[in-house]
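Below: the structure, in structure tokens.
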Amino acid sequence: MLVHRLLHLCGVLQVRHPELAKRMLAEKYNLAATWRRGEDVFQVRGHNGLLLNSMNPLPVLAGPEQIQGTADQELETFFPIAPTIDLQCTNVYQEKSTTGFREGYPCPHAHTLYVMEMGNTPKLLPEQLRAKMIMFCFGNALVRAKALYGDEPRVLEKPIVVQSVATNGRIFQFVVFQLNTTELQSDSGVKNLVWVDEDKPLYEHAQARAHIKRRVVKIPAGLSGYQPETFKKFLALFLHGAT
Amino acid sequence: MSVGLLSSALRALCLSGSRTWAGPSAAASALVGCRGFMTSVCQLQNRTLWKQREKYTIRPIGMKKTGGRDHTGRIKTHGIGGGHKQRHRIIDFQRLRSEPGKEQPVMVEKVLEVRYDPCRSADIALVAGGNRKRWIIASQNMEAGDLIQSCRGIGRMAVLAQEGDAHPVGALPVGTLIHNLELFPGRGAQYIRAAGTCGVLLRKVSGTAIIQLPSKHQIQVLETCVATVGRVSNVDHNKRIIGKAGTNRWLGIRPSSGRWQRKGGWAGRKIRPLPAMKSYINLPTASARA
């Protein structure tokens, strides 16, 4: 609910930035992405949350020098634990790769993904939520790359950028993922980049009744501890690519 | 009328026999209440169904308490009942158990957490290696973030044993403290599992090893049996003070009878020589050889 209202607020800014009209919001879309790494086949499937699509792709964040610089960095391992631990192991019958939208859709580029974890009993911890965000960003970007450039693993000349915002109502996590290459078989070579901004509270307390202990007001009624920078980041991610 | 009852009982017996073909162990435990030929239908009981899980999981499983009663409903062991609710965590006692499909001579695993287990006196550790996680009995100085090894082979030189590592008994130097000892190779640890216990490897004799258990008994096992090095965790378990009767009740121990009863020959300290060394080698006997 909160995300819907925030998006509406941002959408109101359409007056100033006419390019915002070229965006479309999609709920309950189905994503299916497949890739191979080592001997295992990985799949990302399912509906996730809100997806904001746009007609123009997002501009690239890291320049080509930075991308080439990542080719020299080593990936760290979780020895002795394999990275696939705790991932659900199922039988794969079809290796599907779809964005969830048919061809000819006017806004094909995935812009921002909004993941919501509302409720009094959250099922995912913040780290798990961030991991889920990164996974779905990667899935979206990979599927877009396969649609544009084909199934061959290669280094992309124009890297694909996908953003994501997750919240549990109060705390926001921002993730920006840049897909530089689809060569995922080996650990060497150009790497993909992720910028993660974690645990940004939008407000400290928001209660209808004030919390009073021994005639001293501990937490005032209504909204308290509002942090405008979090909303500024939300807005910035929304406007990215439009201005 | 009696003929009708007999025929309905027969029919019920046949039906229950065919219904439980899917779970033979469940059937064996469930139909254990049928004794001979009764005119009442055998009920499928679920008092042991919580133990019949085949797939391993690290998720704790809800337990059913028996209260010391056996399948007939009468008390078999006095003094058990009540106590805090407990959830059973399935412990993997075979250290060398590898993931299905991946057999390795050496396994390295990382300890994720060490926690209290309500079902035993020792602490348990959640370890992860490769693609799976499992619970094992924690050794004395095990902490989260340690790396532990499990090796299968026996070299010519004795391995310098690190605490928490599992090696076959033949690969360990004489005089090491060990726990979680197997009696037969591949069976799983059956001895020395309680808090703070440890056995001592006394000597190694041509393919077998002689180990002294915490009760000072000596046993002889094959050298390929795997044991873990070190003492079991929770070393001060025997020094704890219960403090009050209520604590015993939380542990599930009911009070014993308060009647004074003259103690017989079983009571009192006994000083006698150790029994002979028990050997678990299964060598062919003289009659089989001849």
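Chain labels follow the order of the structure tokens: the first chain is A, the next B, and so on; residue numbering restarts at 1 in every chain, and ligands are counted from 1 in their shown order.
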Select from chain B every residue with an atom at most 6 Å from any atom of chain A, then for each give the shortest pair of atoms and their distance in Å to one decimal, using only C-alpha atoms, rows by chain and rising number, as JSON lines.
```
{"residue": "B:Glu109", "atom": "CA", "partner": "A:Pro80", "partner_atom": "CA", "distance": 5.7}
{"residue": "B:Gly129", "atom": "CA", "partner": "A:Ile81", "partner_atom": "CA", "distance": 4.7}
{"residue": "B:Gly130", "atom": "CA", "partner": "A:Ala82", "partner_atom": "CA", "distance": 4.7}
{"residue": "B:Asn131", "atom": "CA", "partner": "A:Ile85", "partner_atom": "CA", "distance": 4.4}
```
Exercise for the section: Apply DSSP to the backbone of this structure and, from range 57-138 of chain A, keep only the residues in helix (DSSP H, G or I); write these as a PyMOL selection string. Expected result: chain A and resi 64-70+126-138
Keeping N, CA, C and O atoms for every residue in the selection just given, could you write it to a file as a JSON list (two decimals), in the first residue's frame?
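After the write, selection01.json holds the following:
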```json
[["chain", "number", "residue", "atom", "x", "y", "z"],
["A", 64, "PRO", "N", 33.23, 1.96, -19.21],
["A", 64, "PRO", "CA", 33.92, 0.76, -19.73],
["A", 64, "PRO", "C", 35.24, 0.47, -19.02],
["A", 64, "PRO", "O", 35.63, -0.69, -18.91],
["A", 65, "GLU", "N", 35.92, 1.52, -18.50],
["A", 65, "GLU", "CA", 37.18, 1.24, -17.82],
["A", 65, "GLU", "C", 36.93, 0.47, -16.53],
["A", 65, "GLU", "O", 37.63, -0.47, -16.18],
["A", 66, "GLN", "N", 35.86, 0.88, -15.83],
["A", 66, "GLN", "CA", 35.56, 0.20, -14.57],
["A", 66, "GLN", "C", 35.16, -1.24, -14.83],
["A", 66, "GLN", "O", 35.49, -2.15, -14.08],
["A", 67, "ILE", "N", 34.46, -1.43, -15.95],
["A", 67, "ILE", "CA", 34.02, -2.78, -16.27],
["A", 67, "ILE", "C", 35.22, -3.65, -16.55],
["A", 67, "ILE", "O", 35.32, -4.79, -16.09],
["A", 68, "GLN", "N", 36.16, -3.12, -17.32],
["A", 68, "GLN", "CA", 37.35, -3.91, -17.62],
["A", 68, "GLN", "C", 38.17, -4.11, -16.36],
["A", 68, "GLN", "O", 38.85, -5.12, -16.22],
["A", 69, "GLY", "N", 38.10, -3.16, -15.45],
["A", 69, "GLY", "CA", 38.85, -3.31, -14.20],
["A", 69, "GLY", "C", 38.34, -4.47, -13.38],
["A", 69, "GLY", "O", 39.09, -5.14, -12.66],
["A", 70, "THR", "N", 37.04, -4.77, -13.50],
["A", 70, "THR", "CA", 36.52, -5.87, -12.71],
["A", 70, "THR", "C", 37.01, -7.21, -13.20],
["A", 70, "THR", "O", 36.92, -8.21, -12.50],
["A", 126, "PRO", "N", 16.06, -9.20, 6.62],
["A", 126, "PRO", "CA", 16.59, -8.20, 5.66],
["A", 126, "PRO", "C", 17.65, -8.75, 4.72],
["A", 126, "PRO", "O", 17.64, -8.42, 3.53],
["A", 127, "GLU", "N", 18.56, -9.61, 5.24],
["A", 127, "GLU", "CA", 19.59, -10.11, 4.31],
["A", 127, "GLU", "C", 18.96, -10.99, 3.24],
["A", 127, "GLU", "O", 19.36, -10.97, 2.08],
["A", 128, "GLN", "N", 17.98, -11.78, 3.66],
["A", 128, "GLN", "CA", 17.34, -12.67, 2.69],
["A", 128, "GLN", "C", 16.56, -11.85, 1.67],
["A", 128, "GLN", "O", 16.51, -12.20, 0.50],
["A", 129, "LEU", "N", 15.97, -10.74, 2.15],
["A", 129, "LEU", "CA", 15.22, -9.88, 1.24],
["A", 129, "LEU", "C", 16.16, -9.28, 0.21],
["A", 129, "LEU", "O", 15.85, -9.22, -0.99],
["A", 130, "ARG", "N", 17.34, -8.85, 0.66],
["A", 130, "ARG", "CA", 18.31, -8.29, -0.28],
["A", 130, "ARG", "C", 18.75, -9.33, -1.28],
["A", 130, "ARG", "O", 18.87, -9.06, -2.47],
["A", 131, "ALA", "N", 18.97, -10.55, -0.79],
["A", 131, "ALA", "CA", 19.39, -11.62, -1.70],
["A", 131, "ALA", "C", 18.31, -11.88, -2.74],
["A", 131, "ALA", "O", 18.59, -12.07, -3.92],
["A", 132, "LYS", "N", 17.07, -11.88, -2.30],
["A", 132, "LYS", "CA", 15.97, -12.10, -3.24],
["A", 132, "LYS", "C", 15.91, -10.99, -4.28],
["A", 132, "LYS", "O", 15.72, -11.25, -5.47],
["A", 133, "MET", "N", 16.14, -9.74, -3.82],
["A", 133, "MET", "CA", 16.13, -8.62, -4.76],
["A", 133, "MET", "C", 17.20, -8.79, -5.81],
["A", 133, "MET", "O", 16.96, -8.61, -7.01],
["A", 134, "ILE", "N", 18.41, -9.12, -5.36],
["A", 134, "ILE", "CA", 19.53, -9.25, -6.30],
["A", 134, "ILE", "C", 19.24, -10.36, -7.29],
["A", 134, "ILE", "O", 19.48, -10.25, -8.49],
["A", 135, "MET", "N", 18.66, -11.45, -6.78],
["A", 135, "MET", "CA", 18.39, -12.58, -7.64],
["A", 135, "MET", "C", 17.39, -12.20, -8.73],
["A", 135, "MET", "O", 17.57, -12.54, -9.90],
["A", 136, "PHE", "N", 16.34, -11.48, -8.35],
["A", 136, "PHE", "CA", 15.34, -11.14, -9.35],
["A", 136, "PHE", "C", 15.82, -10.06, -10.30],
["A", 136, "PHE", "O", 15.46, -10.07, -11.48],
["A", 137, "CYS", "N", 16.64, -9.12, -9.80],
["A", 137, "CYS", "CA", 17.23, -8.13, -10.71],
["A", 137, "CYS", "C", 18.06, -8.83, -11.77],
["A", 137, "CYS", "O", 17.98, -8.53, -12.97],
["A", 138, "PHE", "N", 18.89, -9.80, -11.30],
["A", 138, "PHE", "CA", 19.74, -10.53, -12.22],
["A", 138, "PHE", "C", 18.90, -11.30, -13.22],
["A", 138, "PHE", "O", 19.20, -11.32, -14.41]]
```
Problem - For range 96-105 of chain B: contacts at 9 Å, only C-alpha atoms, fewer than 6 positions along chain excluded, given as a VMD selection string - result: chain B and resid 130 to 132 150 to 153 166 to 167 186 226
Problem - range 206-216 of chain B environment, 9 Å, only C-alpha atoms, sequence neighbours closer than 3 positions dropped, as a ChimeraX atom specification - result: /B:169-170,191-192,197-203,219-224,274,277,279,281
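Among the candidates A:Ala32, A:Leu113, A:Ala62, A:Leu239, the residue lying nearest to Ala166 in chain A is A:Leu113 (atoms considered: only C-alpha atoms).
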